[in-house]
Every structure is written in C-alpha cells, then in structure tokens.
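Undergrad: First, the structure itself, so that you have it in front of you.
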Amino acid sequence: MRILLANFSKMVGDSGGLAKVNVAFANEMVRRGHTVTTIYSDDHAGDFFYPLDERVIAYNLRHFRGQTSLFPISYKVRREILRAFSQKRGRAVNDEFTKKHLLPHIQTILTETQPEIIIAFQPASAKSFLCDLKTHIPVITMSHGDPEDYFHTYPTAELPALAHSAVCQVLLPGFAEHLRNHLRDTRIEAIGNVVPQYAQQTDLAREKETYKIVFVGRMVRNHKRPHLLIEAFSKIAAEFQNWTLELWGAEDSKSYQKEMQRIIASAGLEDRISFCGTTAEIPRVLQDSDLCVAPSAYEGFSLAHTEAMSMGLPLIGYRSCVSVAELIDDGVNGLLAADGAEPLAEKMAVLMRDRDLRVRMGNAARESMRVYAPEIIWGRWETLMEEVIASR
C-alpha cells in the first residue's frame with residue numbers, strides 16, 4: 001500500500017503522545033513493506049524526538065522545498081483573541097492559515113506520492129483533503145481523545161470531513177458510542193494505541209527501604225493536574241514515611257511549576273517529592289516504581305498510563321476521566337477515585353498499605369494490556385486499510 005499520514009501538528013523535538021503514535025505508525029507500516037509518507041506542520045525545522053525510519057518520507061509543510069510559511073504573529077494574536085470568546089473560532093484561524101498557505105504543498109505531495117489511502121490525524125487534516133482539495137482518495141480520520149469534543153469546540157467547517165471519511169477511528173469503545181450519536185451513517189472503528197509488552201515486570205513483591213509512586217505526563221494544570229497528586233500525597237505522607245513521589249514530564253508553565261513547589265515546601269516534602277524532567281528511558285522509571293497515579297481530568301488513550309500497567313503497575317485514576325475509567329477495572333487492575341485530592345489520597349493509601357494487593361492488581365494490569373500488543377493493533381490497522389482500499 002501507498003500510505004500518507006497527515007498530522008497537522010508539531011513534530012520537531014516533540015515527546016508527546018501524538019508524535020509518538022505518528023512515528024510508530026510510520027515505522028511499523030514501512031517495516032511491513034508499505035510505502036509511507038508523513039506530512040506535518042511545524043514552525044521549527046529539525047529532527048523528531050522519536051527516531052523515524054529512514055525509509056519514511058517526511059515533509060514539513062511550513063518548510064517545504066525552500067519555501068518557508070511560518071504561522072504569522074498576526075494570526076497568533078487573532079487566534080488568542082477569538083479563543084477567549086470561542087474555541088471554535090480560535091481553532092478556525094489554524095484552518096484559515098493551512099488553506100491559504102499550505103494547501104498547494106499538500107496538493108503537490110498528493111500528486112507526487114499518489115497514495116492509496118490517507119490517515120488524517122485530526123479533523124483539520126481530513127478537511128484539507130476531503131473538503132478543500134476534494135480528493136477521492138479514501139481517508140481514515142483518527143481521534144486521539146473523546147470525539148464528543150468535536151461537536152462543541154472544533155470549527156464547524158471541519159465537521160463535514162468526519163461524515164465524508166471512509167472510516168472514523170476512535171481509541172475506546174465508549175468513544176465510539178459518543179461519535180455514533182452524531183454520525184449515524186459513518187463507519188466507526190475502535191482501535192486503541194499500541195502498548196509495549198515489556199519482557200520485564202516490576203517486582204512489587206520485593207521488600208524495599210523506599211517505595212515509589214510515579215506520575216508521567218506533561219505538567220499541565222487543567223489536563224494532567226499533577227498538583228492534585230502532590231496534594232493527595234501530602235495528606236498521607238506522614239503515615240507512609242518510606243514512600244516517595246516522582247513526577248516525570250516536561251514543564252508547561254513556570255508559574256504553575258512554582259505553585260506546585262510551594263505546595264511541596266509548605267508540606268515539608270522537598271526530600272520526598274521530585275520533579276525529574278523528561279526521559280527516553282520510561283521503562284526503567286516504571287520498573288523501579290510501585291504505583292502509578294493518573295490525576296488527569298481527561299485523556300485520549302494515555303500511553304504513559306497503559307505503559308505503566310503493561311510494566312505491572314496498578315493504576316489509580318479518577319472515575320470522571322472517561323478514558324482512564326475505561327482502562328481501569330476498579331478493584332481488579334487498579335482503583336477509581338471520586339474527584340478531589342482527598343478521595344485520591346484515600347485510594348492511594350489502600351494500595352500503599354497492602355503490598356499483596358499491589359502485586360495482584362499489578363499482575364492484572366499487565367494482563368489487561370495484552371489486547372493492545374503491537375502485532376494485534378498494527379494488524380487491525382493494516383486490515384482496515386486494505387478493506388477500505390478494496391471497497392473504494
């Protein structure tokens with residue numbers, strides 16, 4: 001197959017989940033013998049954080065064959081002003097820029113590569129192909145979160161691309177139901193992200209001098225909410241003197257970082273709570289941990305959390321976070337808490353007190369990730385693309 005991956009977001013040096021999925025998809029399909037081109041839209045030029053197979057052809061639409069089309073400051077200012085009143089109108093500025101400045105590059109790539117199928121990583125990229133260029137090449141539109149958001153915060157002009165897609169892919173069955181409420185006649189497939197099946201497993205039965213809670217994710221206040229985990233740990237730290245907390249991930253805001261550091265200082269826990277930054281050795285971090293906590297308000301299909309479960313760590317998250325609640329079988333492979341720092345602390349304490357329970361839940365967590373093994377997920381994607389091309 002000739003496959004075109006269209007991801008209209010940043011990729012240069014980006015360690016986020018979307019960039020990771022993009023590179024993994026491209027690398028696996030070229031490994032399976034397919035011809036793969038990936039296009040992205042990044043003001044910066046340079047290498048990806050995740051290594052891309054040299055057989056994959058990659059184009060940065062903003063730095064295309066000697067033509068530089070950076071996102072203008074005037075657009076950024078207008079986008080932020082509009083976003084204050086409406087997320088839809090703010091996001092529409094991105095579509096306007098793509099249509100005005102990048103569409104000719106997209107058409108050139110289409111003409112030269114002649115893809116048999118296009119994987120659009122977001123409705124915006126699907127819109128460019130299906131609504132602006134009106135291509136007859138089948139498009140599968142990916143969803144990386146709850147697709148219900150499309151109908152509340154995404155530009156109205158992007159929504160027809162969903163209906164025109166050959167398939168809309170979602171990450172979890174619960175998300176499929178959300179999308180079916182809006183798209184009755186569109187094929188919808190639930191395919192999760194690939195979860196590494198680690199040969200090693202964290203040894204939760206081992207006696208230690210110090211036990212460790214781990215958080216992995218960008219330090220974002222209203223999304224990942226690590227401050228809630230810090231507050232929860234502070235409430236029970238006196239009872240669990242031999243436990244520490246490590247937070248791994250990139251800083252998002254200096255003011256938020258200082259706020260979290262003040263919470264830690266006021267609790268006198270500077271020597272037990274650590275900000276560890278980013279790392280390319282997440283398996284090592286997970287293998288040395290005893291419990292993973294996900295205080296997120298929302299997620300798509302969190303690679304950090306599923307990788308922790310695959311390593312054999314029980315997961316604690318909020319019942320109100322749809323995707324986390326779908327991954328956790330409460331009381332079997334982890335625990336679900338009501339909202340707030342206090343309920344989170346209570347659930348953490350349950351597992352911190354009981355090593356045998358951590359072992360049982362950790363084993364169950366590892367087993368529950370088997371359905372997301374690479375050969376299963378990539379096989380489902382390959383079969384889906386072949387079906388769509390055959391029925392074109």
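By order of appearance in the structure tokens: chains A, B, ..., then residues from 1 within every chain, and ligands from 1 in the order shown.
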Write out as a count of residues only the residues lying within 12 Å of Leu183 of chain A, counting only C-alpha atoms and excluding same-chain residues fewer than 3 positions away.
TA: 21
Undergrad: May I have the residues within 12 Å of Phe97 of chain A as an NGL selection string, using only C-alpha atoms and disregarding those fewer than 6 positions away in the same chain?
TA: :A and (8 or 41 or 61-62 or 69-76 or 78-79 or 90-91 or 103 or 124 or 128)
Undergrad: So that I have them on file, write out the residues from the current selection with C-alpha atoms, as a PDB file, in the first residue's frame.
TA:
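What landed in part-v6.pdb:
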ATOM      1  CA  PHE A   8      -1.087  18.932  11.068  1.00  0.00           C
ATOM      2  CA  SER A  41       3.102  21.355  10.154  1.00  0.00           C
ATOM      3  CA  LEU A  61       4.567  21.825   5.230  1.00  0.00           C
ATOM      4  CA  ARG A  62       5.913  25.035   6.746  1.00  0.00           C
ATOM      5  CA  SER A  69       5.465  29.536   5.602  1.00  0.00           C
ATOM      6  CA  LEU A  70       5.618  30.284   9.325  1.00  0.00           C
ATOM      7  CA  PHE A  71       2.476  30.912  11.341  1.00  0.00           C
ATOM      8  CA  PRO A  72       2.348  34.760  11.443  1.00  0.00           C
ATOM      9  CA  ILE A  73       2.220  36.675  14.705  1.00  0.00           C
ATOM     10  CA  SER A  74      -0.907  38.448  13.434  1.00  0.00           C
ATOM     11  CA  TYR A  75      -2.646  35.062  13.148  1.00  0.00           C
ATOM     12  CA  LYS A  76      -1.488  34.068  16.634  1.00  0.00           C
ATOM     13  CA  ARG A  78      -6.153  36.946  16.354  1.00  0.00           C
ATOM     14  CA  ARG A  79      -6.411  33.284  17.328  1.00  0.00           C
ATOM     15  CA  GLY A  90      -9.917  30.355  17.631  1.00  0.00           C
ATOM     16  CA  ARG A  91      -9.184  26.988  16.045  1.00  0.00           C
ATOM     17  CA  LEU A 103      -2.750  23.722   0.560  1.00  0.00           C
ATOM     18  CA  ALA A 124      -8.417  19.630  10.366  1.00  0.00           C
ATOM     19  CA  SER A 128      -7.926  19.782   3.784  1.00  0.00           C
TER      20      SER A 128
END
Undergrad: Excluding Leu4 of chain A and residues on its chain fewer than 4 positions from it, collect all residues at most 10 Å away from it, counting only C-alpha atoms, and give them as a list in words.
TA: Ala26, Thr35, Val36, Thr37, Thr38, Ile39, Ile57, Ala58, Ile109, Leu110, Thr113, Gln114, Pro115, Glu116, Ile117, Ile118, Ile119, Ala120 and Val139 of chain A
Undergrad: Just to confirm, what's the straight-line distance from atom CA of Ala390 of chain A to atom CA of Arg370 of chain A in Å (one decimal)?
TA: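 Between atom CA of Ala390 of chain A and atom CA of Arg370 of chain A the gap works out to 29.5 Å.
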Undergrad: At a cut-off of 9 Å, using only C-alpha atoms, what residues contact Ile236 of chain A? Leave out same-chain residues fewer than 6 positions from it and give the result as a list in words.
TA: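 My list of contacting residues is Ala345, Glu346, Met348 and Ala349 of chain A.
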Undergrad: Using DSSP secondary structure from the backbone, list all strand (DSSP E) positions within segment 285-334 of chain A, as a list in words.
TA: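 The strand (DSSP E) residues within segment 285-334 of chain A come out as Leu291, Cys292, Val293, Ala294, Leu315, Ile316, Gly317, Tyr318 and Gly334 of chain A.
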Undergrad: Using DSSP on the backbone, list every residue of segment 127-181 of chain A that comes out as helix (DSSP H, G or I), and give them as a ChimeraX atom specification.
TA: /A:127-132,147-153,156-164,173-180
Undergrad: Determine, counting only C-alpha atoms, which protein, DNA and RNA residues have an atom within 12 Å of an atom of Ala308 of chain A; residues of the same chain fewer than 5 positions away are not included. Present the result as a ChimeraX atom specification.
TA: /A:195-198,200-202,213-217,282-294,302-303,313-316,327,333-334,362-363,365-369
Undergrad: Just to confirm, what's the straight-line distance from atom CA of Ala157 of chain A to atom CA of Thr141 of chain A in Å (one decimal)?
TA: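 Separation between atom CA of Ala157 of chain A and atom CA of Thr141 of chain A: 15.1 Å.
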Undergrad: For segment 47-49 of chain A, find every residue with an atom within 12 Å (counting only C-alpha atoms), except residues of its own chain fewer than 4 positions away, and show them as a list in words.
TA: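 Counting only the stated atoms, we get Lys10, Met11, Val12, Gly13, Asp14, Ser15, Gly16, Gly17, Leu18, Ala19, Lys20, Val21, Asn22, Val23, Ala24, Tyr40, Asp42, Asp53, Glu54, Ala58, Tyr59, Asn60, Thr278, Thr279 and Ala280 of chain A.
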Undergrad: I'd like the contact shell of Val322 of chain A - 12 Å cut-off, only C-alpha atoms, skipping same-chain residues fewer than 6 positions apart - returned as a short mmCIF file (atom, residue, chain, number, x, y, z; two decimals) with N, CA and C atoms, in the first residue's frame.
TA:
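For reference, selection-v2.cif as written:
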data_model
loop_
_atom_site.label_atom_id
_atom_site.label_comp_id
_atom_site.auth_asym_id
_atom_site.auth_seq_id
_atom_site.Cartn_x
_atom_site.Cartn_y
_atom_site.Cartn_z
N GLY A 145 -8.78 11.57 21.33
CA GLY A 145 -9.41 11.89 22.60
C GLY A 145 -10.88 11.52 22.50
N ASP A 146 -11.70 12.18 23.28
CA ASP A 146 -13.13 11.94 23.23
C ASP A 146 -13.71 12.71 22.05
N PRO A 147 -14.23 12.04 21.00
CA PRO A 147 -14.72 12.75 19.82
C PRO A 147 -15.95 13.61 20.09
N GLU A 148 -16.55 13.47 21.24
CA GLU A 148 -17.66 14.36 21.59
C GLU A 148 -17.20 15.82 21.54
N LEU A 171 -10.40 5.55 19.97
CA LEU A 171 -9.46 4.76 20.76
C LEU A 171 -10.11 3.73 21.67
N LEU A 172 -11.35 4.01 22.07
CA LEU A 172 -12.02 3.12 23.02
C LEU A 172 -13.48 2.94 22.64
N PRO A 173 -14.08 1.80 22.95
CA PRO A 173 -15.49 1.57 22.60
C PRO A 173 -16.43 2.65 23.11
N GLY A 174 -16.17 3.18 24.29
CA GLY A 174 -17.03 4.24 24.82
C GLY A 174 -17.02 5.48 23.95
N PHE A 175 -15.87 5.78 23.37
CA PHE A 175 -15.77 6.92 22.46
C PHE A 175 -16.56 6.67 21.18
N HIS A 178 -20.07 7.74 21.59
CA HIS A 178 -20.21 9.20 21.54
C HIS A 178 -20.29 9.68 20.09
N SER A 296 -5.49 12.92 35.90
CA SER A 296 -5.94 13.67 34.72
C SER A 296 -7.43 13.98 34.77
N ALA A 297 -7.78 15.14 34.22
CA ALA A 297 -9.19 15.50 34.04
C ALA A 297 -9.75 14.80 32.82
N TYR A 298 -8.92 14.60 31.81
CA TYR A 298 -9.34 13.91 30.59
C TYR A 298 -8.11 13.33 29.92
N GLU A 299 -8.32 12.31 29.12
CA GLU A 299 -7.27 11.67 28.35
C GLU A 299 -7.89 11.11 27.08
N GLY A 300 -7.02 10.80 26.11
CA GLY A 300 -7.47 10.06 24.95
C GLY A 300 -7.25 8.60 25.23
N PHE A 301 -6.03 8.17 25.01
CA PHE A 301 -5.61 6.81 25.36
C PHE A 301 -4.18 7.00 25.85
N SER A 302 -4.03 7.21 27.13
CA SER A 302 -2.75 7.63 27.67
C SER A 302 -1.69 6.55 27.54
N ILE A 328 -9.30 1.15 33.64
CA ILE A 328 -9.22 0.57 34.98
C ILE A 328 -10.48 -0.23 35.29
N LEU A 336 -10.43 3.39 41.17
CA LEU A 336 -11.01 4.64 40.70
C LEU A 336 -11.47 5.46 41.89
#
